[in-house]
file structure-v4.tsv (TSV, C-alpha atoms)
chain	number	residue	atom	x	y	z
A	1	MET	CA	-37.13	28.83	76.68
A	2	SER	CA	-34.69	31.10	78.50
A	3	ALA	CA	-31.38	32.24	77.04
A	4	GLU	CA	-29.52	30.19	79.67
A	5	THR	CA	-31.35	27.00	78.61
A	6	VAL	CA	-30.50	27.64	74.95
A	7	GLU	CA	-26.84	28.18	75.82
A	8	ASN	CA	-26.75	24.92	77.78
A	9	ALA	CA	-28.33	23.02	74.87
A	10	ILE	CA	-25.73	24.43	72.48
A	11	ALA	CA	-22.90	23.64	74.90
A	12	LYS	CA	-24.01	19.99	75.19
A	13	LYS	CA	-23.98	19.45	71.42
A	14	PRO	CA	-21.42	16.66	70.80
A	15	ALA	CA	-18.32	17.49	68.81
A	16	GLU	CA	-17.94	15.94	65.39
A	17	ALA	CA	-15.94	12.71	65.38
A	18	PHE	CA	-12.28	12.94	64.36
A	19	LEU	CA	-13.02	10.76	61.32
A	20	SER	CA	-16.76	11.18	60.90
A	21	LYS	CA	-18.60	10.01	57.80
A	22	ARG	CA	-18.50	13.52	56.37
A	23	ARG	CA	-14.77	13.85	56.96
A	24	LYS	CA	-14.06	10.44	55.47
A	25	LYS	CA	-15.85	11.55	52.33
A	26	LEU	CA	-13.49	14.53	52.07
A	27	VAL	CA	-10.69	12.01	51.52
A	28	SER	CA	-12.54	9.25	49.67
A	29	ASP	CA	-14.62	11.24	47.17
A	30	PRO	CA	-11.65	12.68	45.21
A	31	LEU	CA	-10.22	9.19	44.74
A	32	VAL	CA	-12.95	8.17	42.27
A	33	ASP	CA	-16.26	10.04	42.28
A	34	GLU	CA	-14.75	13.54	42.21
A	35	ASN	CA	-11.27	12.74	40.94
A	36	PRO	CA	-9.47	15.96	39.96
A	37	ILE	CA	-8.01	14.45	36.76
A	38	THR	CA	-10.60	12.02	35.43
A	39	ILE	CA	-13.76	13.87	36.50
A	40	GLN	CA	-12.76	17.53	36.91
A	41	VAL	CA	-10.11	17.31	34.14
A	42	LEU	CA	-7.50	19.29	36.11
A	43	GLY	CA	-3.73	18.74	36.29
A	44	ILE	CA	-3.63	17.10	32.87
A	45	CYS	CA	-0.28	18.69	31.88
A	46	SER	CA	1.77	16.94	34.55
A	47	ALA	CA	-0.17	13.70	33.98
A	48	LEU	CA	1.26	13.73	30.45
A	49	ALA	CA	4.68	15.25	31.05
A	50	VAL	CA	6.21	13.45	34.05
A	51	THR	CA	4.71	9.98	33.71
A	52	THR	CA	7.27	8.31	31.44
A	53	GLN	CA	8.87	6.65	34.50
A	54	MET	CA	7.71	5.71	37.98
A	55	LYS	CA	10.51	7.38	39.98
A	56	PRO	CA	9.93	10.99	38.87
A	57	THR	CA	6.18	10.42	39.01
A	58	LEU	CA	6.39	9.24	42.62
A	59	VAL	CA	8.49	12.27	43.57
A	60	MET	CA	6.01	14.54	41.80
A	61	SER	CA	3.13	12.89	43.66
A	62	ILE	CA	4.79	13.40	47.04
A	63	SER	CA	5.56	17.01	46.15
A	64	VAL	CA	1.97	17.74	45.15
A	65	ILE	CA	0.60	16.06	48.30
A	66	PHE	CA	2.88	18.21	50.46
A	67	VAL	CA	2.04	21.45	48.64
A	68	ILE	CA	-1.74	20.92	48.57
A	69	VAL	CA	-2.03	19.80	52.19
A	70	MET	CA	0.21	22.53	53.60
A	71	SER	CA	-1.26	25.32	51.45
A	72	ASN	CA	-4.79	24.27	52.46
A	73	LEU	CA	-3.72	24.36	56.11
A	74	VAL	CA	-2.06	27.78	55.87
A	75	ILE	CA	-4.88	29.43	53.91
A	76	SER	CA	-7.49	27.97	56.25
A	77	LEU	CA	-5.64	29.35	59.26
A	78	MET	CA	-5.49	32.77	57.59
A	79	ARG	CA	-8.98	32.70	56.07
A	80	ASN	CA	-10.48	35.30	58.41
A	81	THR	CA	-7.63	37.77	57.91
A	82	ILE	CA	-7.23	37.67	54.10
A	83	PRO	CA	-9.00	40.58	52.33
A	84	SER	CA	-11.19	39.30	49.52
A	85	ARG	CA	-9.56	41.64	46.99
A	86	VAL	CA	-6.11	40.10	47.40
A	87	ARG	CA	-6.99	36.50	48.21
A	88	ILE	CA	-5.64	35.11	44.90
A	89	ILE	CA	-2.32	36.92	45.40
A	90	VAL	CA	-2.05	35.54	48.94
A	91	GLN	CA	-2.83	32.03	47.75
A	92	LEU	CA	-0.20	32.25	45.01
A	93	ALA	CA	2.36	33.55	47.51
A	94	VAL	CA	1.71	30.65	49.88
A	95	VAL	CA	1.85	28.03	47.11
A	96	ALA	CA	4.98	29.59	45.58
A	97	THR	CA	6.73	29.51	48.97
A	98	LEU	CA	5.93	25.83	49.46
A	99	VAL	CA	6.95	24.94	45.89
A	100	THR	CA	10.26	26.76	46.36
A	101	LEU	CA	10.81	24.77	49.55
A	102	VAL	CA	10.17	21.50	47.70
A	103	SER	CA	12.48	22.57	44.89
A	104	GLU	CA	15.30	23.45	47.26
A	105	VAL	CA	14.96	20.16	49.16
A	106	LEU	CA	15.18	18.23	45.89
A	107	LYS	CA	18.18	20.28	44.83
A	108	ALA	CA	19.94	19.54	48.12
A	109	PHE	CA	19.13	15.84	48.56
A	110	ALA	CA	18.17	14.49	45.11
A	111	TYR	CA	19.94	16.63	42.55
A	112	ASP	CA	19.46	14.25	39.61
A	113	MET	CA	15.71	14.16	40.28
A	114	TYR	CA	15.73	17.95	40.68
A	115	LYS	CA	17.25	18.36	37.21
A	116	GLU	CA	14.64	16.02	35.76
A	117	LEU	CA	11.65	17.61	37.47
A	118	SER	CA	12.72	21.20	38.10
A	119	VAL	CA	10.42	22.75	35.47
A	120	PHE	CA	7.44	20.60	36.40
A	121	VAL	CA	7.83	21.15	40.16
A	122	GLY	CA	7.78	24.88	39.49
A	123	LEU	CA	4.55	24.49	37.54
A	124	ILE	CA	2.80	23.18	40.68
A	125	ILE	CA	2.29	26.89	41.44
A	126	THR	CA	-0.18	27.13	38.56
A	127	ASN	CA	-1.72	23.69	39.04
A	128	CYS	CA	-5.50	24.15	38.92
A	129	ILE	CA	-6.00	21.43	41.54
A	130	VAL	CA	-3.99	23.38	44.14
A	131	MET	CA	-5.62	26.75	43.49
A	132	GLY	CA	-9.04	25.16	43.10
A	133	ARG	CA	-9.01	23.56	46.55
A	134	LEU	CA	-7.78	26.77	48.16
A	135	GLU	CA	-10.51	28.86	46.54
A	136	ALA	CA	-13.34	26.32	46.82
A	137	PHE	CA	-12.65	24.82	50.25
A	138	ALA	CA	-9.79	26.13	52.39
A	139	LEU	CA	-11.04	29.74	52.35
A	140	GLY	CA	-14.34	28.71	53.92
A	141	ASN	CA	-13.53	25.78	56.20
A	142	LYS	CA	-11.60	24.92	59.34
A	143	PRO	CA	-7.95	23.78	59.18
A	144	TYR	CA	-8.48	20.08	59.91
A	145	ASP	CA	-11.22	19.71	57.30
A	146	SER	CA	-9.08	21.65	54.82
A	147	VAL	CA	-6.14	19.31	55.41
A	148	LEU	CA	-8.37	16.29	54.78
A	149	ASP	CA	-9.78	17.87	51.63
A	150	GLY	CA	-6.32	18.67	50.31
A	151	PHE	CA	-5.02	15.22	51.17
A	152	GLY	CA	-7.93	13.53	49.38
A	153	SER	CA	-7.53	15.66	46.24
A	154	ALA	CA	-3.76	15.06	46.20
A	155	LEU	CA	-4.24	11.30	46.59
A	156	GLY	CA	-6.77	11.29	43.77
A	157	TYR	CA	-4.27	13.10	41.55
A	158	SER	CA	-1.38	10.86	42.63
A	159	TRP	CA	-2.94	7.46	42.01
A	160	ILE	CA	-3.94	8.47	38.50
A	161	ILE	CA	-0.49	9.71	37.44
A	162	LEU	CA	1.20	6.73	39.13
A	163	THR	CA	-1.07	4.35	37.21
A	164	VAL	CA	-0.31	6.13	33.95
A	165	ALA	CA	3.42	6.03	34.73
A	166	PHE	CA	3.32	2.33	35.58
A	167	PHE	CA	1.89	1.30	32.21
A	168	ARG	CA	3.95	3.82	30.24
A	169	GLU	CA	7.23	2.63	31.75
A	170	LEU	CA	6.25	-1.04	31.57
A	171	TRP	CA	5.08	-1.00	27.95
A	172	GLY	CA	7.45	1.69	26.75
A	173	SER	CA	10.69	0.61	28.44
A	174	GLY	CA	9.90	-2.89	29.67
A	175	ALA	CA	10.68	-1.88	33.24
A	176	VAL	CA	9.11	-0.64	36.47
A	177	PHE	CA	11.15	1.63	38.75
A	178	GLY	CA	14.07	0.80	36.47
A	179	ILE	CA	13.74	-2.95	37.10
A	180	PRO	CA	13.80	-4.75	33.69
A	181	ILE	CA	10.56	-6.73	33.97
A	182	PHE	CA	10.35	-7.67	30.27
A	183	GLU	CA	13.95	-8.87	30.28
A	184	TYR	CA	13.32	-10.99	33.35
A	185	VAL	CA	10.13	-12.53	31.90
A	186	SER	CA	11.84	-13.21	28.57
A	187	GLY	CA	14.66	-14.98	30.40
A	188	ILE	CA	12.19	-17.35	32.04
A	189	PHE	CA	10.82	-18.59	28.70
A	190	GLY	CA	14.17	-18.97	26.97
A	191	PRO	CA	16.19	-17.10	24.33
A	192	ASP	CA	13.56	-17.50	21.60
A	193	PHE	CA	10.94	-15.60	23.62
A	194	LYS	CA	11.19	-11.82	23.73
A	195	LEU	CA	8.66	-9.26	24.90
A	196	ALA	CA	8.72	-6.17	22.71
A	197	THR	CA	8.27	-2.63	23.98
A	198	ASN	CA	6.13	0.03	22.33
A	199	GLY	CA	7.81	3.35	21.58
A	200	LEU	CA	4.43	5.06	21.46
A	201	MET	CA	4.15	4.72	25.23
A	202	VAL	CA	7.10	7.04	25.91
A	203	SER	CA	5.45	9.85	23.92
A	204	PRO	CA	2.59	12.09	25.12
A	205	VAL	CA	0.27	10.12	22.81
A	206	GLY	CA	0.82	7.04	24.99
A	207	ALA	CA	-0.12	9.03	28.08
A	208	PHE	CA	-3.32	10.24	26.39
A	209	ILE	CA	-4.24	6.67	25.45
A	210	ILE	CA	-3.71	5.27	28.96
A	211	LEU	CA	-5.43	8.22	30.62
A	212	GLY	CA	-8.36	7.84	28.23
A	213	LEU	CA	-8.66	4.14	29.08
A	214	ILE	CA	-8.62	4.93	32.82
A	215	ILE	CA	-11.37	7.53	32.35
A	216	TRP	CA	-13.41	5.08	30.26
A	217	VAL	CA	-13.13	2.28	32.84
A	218	GLN	CA	-13.89	4.62	35.73
A	219	ARG	CA	-16.92	6.25	34.13
A	220	THR	CA	-18.25	2.89	32.97
A	221	LYS	CA	-18.05	1.64	36.55
A	222	THR	CA	-19.51	4.74	38.22
A	223	GLY	CA	-22.01	5.64	35.50
A	224	TYR	CA	-20.77	9.24	35.42
A	225	VAL	CA	-21.97	11.24	32.40
A	226	GLU	CA	-20.87	14.75	31.38
A	227	HIS	CA	-23.69	17.31	31.32
call {"tool": "encode", "arguments": {"input": "structure-v4.tsv", "output": "structure tokens"}}
result
Amino acid sequence: MSAETVENAIAKKPAEAFLSKRRKKLVSDPLVDENPITIQVLGICSALAVTTQMKPTLVMSISVIFVIVMSNLVISLMRNTIPSRVRIIVQLAVVATLVTLVSEVLKAFAYDMYKELSVFVGLIITNCIVMGRLEAFALGNKPYDSVLDGFGSALGYSWIILTVAFFRELWGSGAVFGIPIFEYVSGIFGPDFKLATNGLMVSPVGAFIILGLIIWVQRTKTGYVEH
């Protein structure tokens, strides 16, 4: 076979679909099968610290999604120009820049939330999920795939902490997003009926309990076993 024939065969190879099966798995796998919190046991600190209420947890989730997706994109675009010796420093610089941007936006447009989350937003810089995806995927893959990988990992992180926050706020404060659910339900059944809250849920112990239950249910369903 001549060189020209080989070149024509390569040129006619169809491009991968925009949302091929492989690319869909980049987003879907981290939701359950390769979840960064329940399977890889990363990002546990924020899962315990910011999940007492839904509002700050939602803001934290959006912040992490933005930082992971954008840092994956930037590092992937720069992957062929970053010297191996300084790659960690470059990754930290990119993540720190994005985290600072998130922090300044919160300070400008949601100051109360900024005061509540300022320390934890800053700690996104050292979040193992962010650095892990940069080192394991973005440095060796194209930008679009890296964005999908970052988005999937961030969604997997977000749904876990939002679930933890939902039950902690509901059982600990009797509310969801500040709406007094327990008070409303108690009012339906009359003055003699009152749903009691559990103070344990507003402590880190409550977060551990709920997170442990989520991990138990998930691993029972998927059959995942630690080796």
call {"tool": "axis_aligned_box", "arguments": {"input": "structure-v4.tsv", "around": "region 43-46 of chain A", "padding_each_side": "5 Å", "output": "lines of an AutoDock Vina configuration file"}}
result
center_x = -1.0
center_y = 17.8
center_z = 34.1
size_x = 15.5
size_y = 11.8
size_z = 14.4
call {"tool": "closest_residue", "arguments": {"input": "structure-v4.tsv", "among": "A:Phe109, A:Arg22, A:Ser146, A:Glu116", "to": "Ser71 (chain A)", "atoms": "only C-alpha atoms"}}
result
A:Ser146
call {"tool": "closest_atom_pairs", "arguments": {"input": "structure-v4.tsv", "of": "region 117-157 of chain A", "to": "region 54-65 of chain A", "cutoff": "10 Å", "atoms": "all atoms listed in the file", "output": "Markdown table"}}
result
| residue | atom | partner | partner_atom | distance |
| --- | --- | --- | --- | --- |
| A:Leu117 | CA | A:Pro56 | CA | 7.0 |
| A:Phe120 | CA | A:Met60 | CA | 8.2 |
| A:Val121 | CA | A:Met60 | CA | 7.0 |
| A:Ile124 | CA | A:Val64 | CA | 7.1 |
| A:Ile125 | CA | A:Val64 | CA | 9.9 |
| A:Asn127 | CA | A:Val64 | CA | 9.3 |
| A:Ile129 | CA | A:Val64 | CA | 9.5 |
| A:Val130 | CA | A:Val64 | CA | 8.3 |
| A:Gly150 | CA | A:Ile65 | CA | 7.7 |
| A:Phe151 | CA | A:Ile65 | CA | 6.4 |
| A:Gly152 | CA | A:Ile65 | CA | 9.0 |
| A:Ser153 | CA | A:Ile65 | CA | 8.4 |
| A:Ala154 | CA | A:Ile65 | CA | 4.9 |
| A:Leu155 | CA | A:Ile65 | CA | 7.0 |
| A:Gly156 | CA | A:Ile65 | CA | 9.9 |
| A:Tyr157 | CA | A:Ser61 | CA | 7.7 |
call {"tool": "closest_residue", "arguments": {"input": "structure-v4.tsv", "among": "A:Ala110, A:Ile214, A:Met70, A:Ala175", "to": "Ala96 (chain A)", "atoms": "only C-alpha atoms"}}
result
A:Met70
call {"tool": "atom_distance", "arguments": {"input": "structure-v4.tsv", "atom1": "CA of Cys45 (chain A)", "atom2": "CA of Pro180 (chain A)"}}
result
27.4 Å
